[in-house]
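Written below as structure tokens is the structure these notes are about.
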Amino acid sequence: MLRMTKFKIILIIVVLSLAVIVALQNKQEVETKFLFTTITMPRVLLLLSILTLGFFIGLITASVLRKKTGKTK
């Protein structure tokens, strides 16, 4: 049990360190064209928003598929 807790803490530290490195290296402004508008934002904000959108799409898809097969928790 203790080994798994240490592993999780180390994994969280590594993932957060990588996220900080990505954030520091992607501070440039980028233009994003969406439908009829152009949005200017830092690249790291664009990456985080796409990551969040993908996460929620995955959650919704998993819940719909789970409900469809009848495997609710």
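Labeling convention for the structure tokens: chains A, B, ... as they appear, residues from 1 per chain, ligands from 1 in order of appearance.
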Identify, on the basis of only C-alpha atoms, every residue whose closest approach to range 30-35 of chain A does not exceed 10 Å; exclude the query and any residue fewer than 5 positions from it along the same chain; express the result as JSON, numbers by chain.
-> {"A": [40, 41, 42, 43, 44, 45, 46]}
Dump C-alpha atoms for the selected residues as an mmCIF file, in the first residue's frame?
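What ended up in out.cif:
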data_model
loop_
_atom_site.group_PDB
_atom_site.id
_atom_site.type_symbol
_atom_site.label_atom_id
_atom_site.label_comp_id
_atom_site.auth_asym_id
_atom_site.auth_seq_id
_atom_site.Cartn_x
_atom_site.Cartn_y
_atom_site.Cartn_z
ATOM 1 C CA THR A 40 -5.639 35.572 -30.157
ATOM 2 C CA MET A 41 -4.432 33.756 -27.047
ATOM 3 C CA PRO A 42 -1.302 32.195 -25.581
ATOM 4 C CA ARG A 43 -0.558 28.776 -27.033
ATOM 5 C CA VAL A 44 -0.604 27.171 -23.577
ATOM 6 C CA LEU A 45 -4.181 28.378 -23.048
ATOM 7 C CA LEU A 46 -5.177 26.867 -26.384
#
Residue set, chain A restricted to helix (DSSP H, G or I), as a ChimeraX atom specification | /A:2-25,43-69
What are the DSSP strand (DSSP E) residues of chain A, as an NGL selection string?
-> :A and (29-34 or 37-42)
Distance CA of Ile57 in chain A-CA of Thr69 in chain A, one decimal place?
->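 Interatomic distance, CA of Ile57 in chain A to CA of Thr69 in chain A: 18.3 Å.
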Between CA of Gln28 in chain A and CA of Ile50 in chain A, distance in Å (one decimal) |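 Calculated distance between CA of Gln28 in chain A and CA of Ile50 in chain A is 16.5 Å.
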When you draw a straight line from CA of Gly54 in chain A to CA of Ile10 in chain A, how long is it in Å?
->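 Interatomic distance, CA of Gly54 in chain A to CA of Ile10 in chain A: 25.0 Å.
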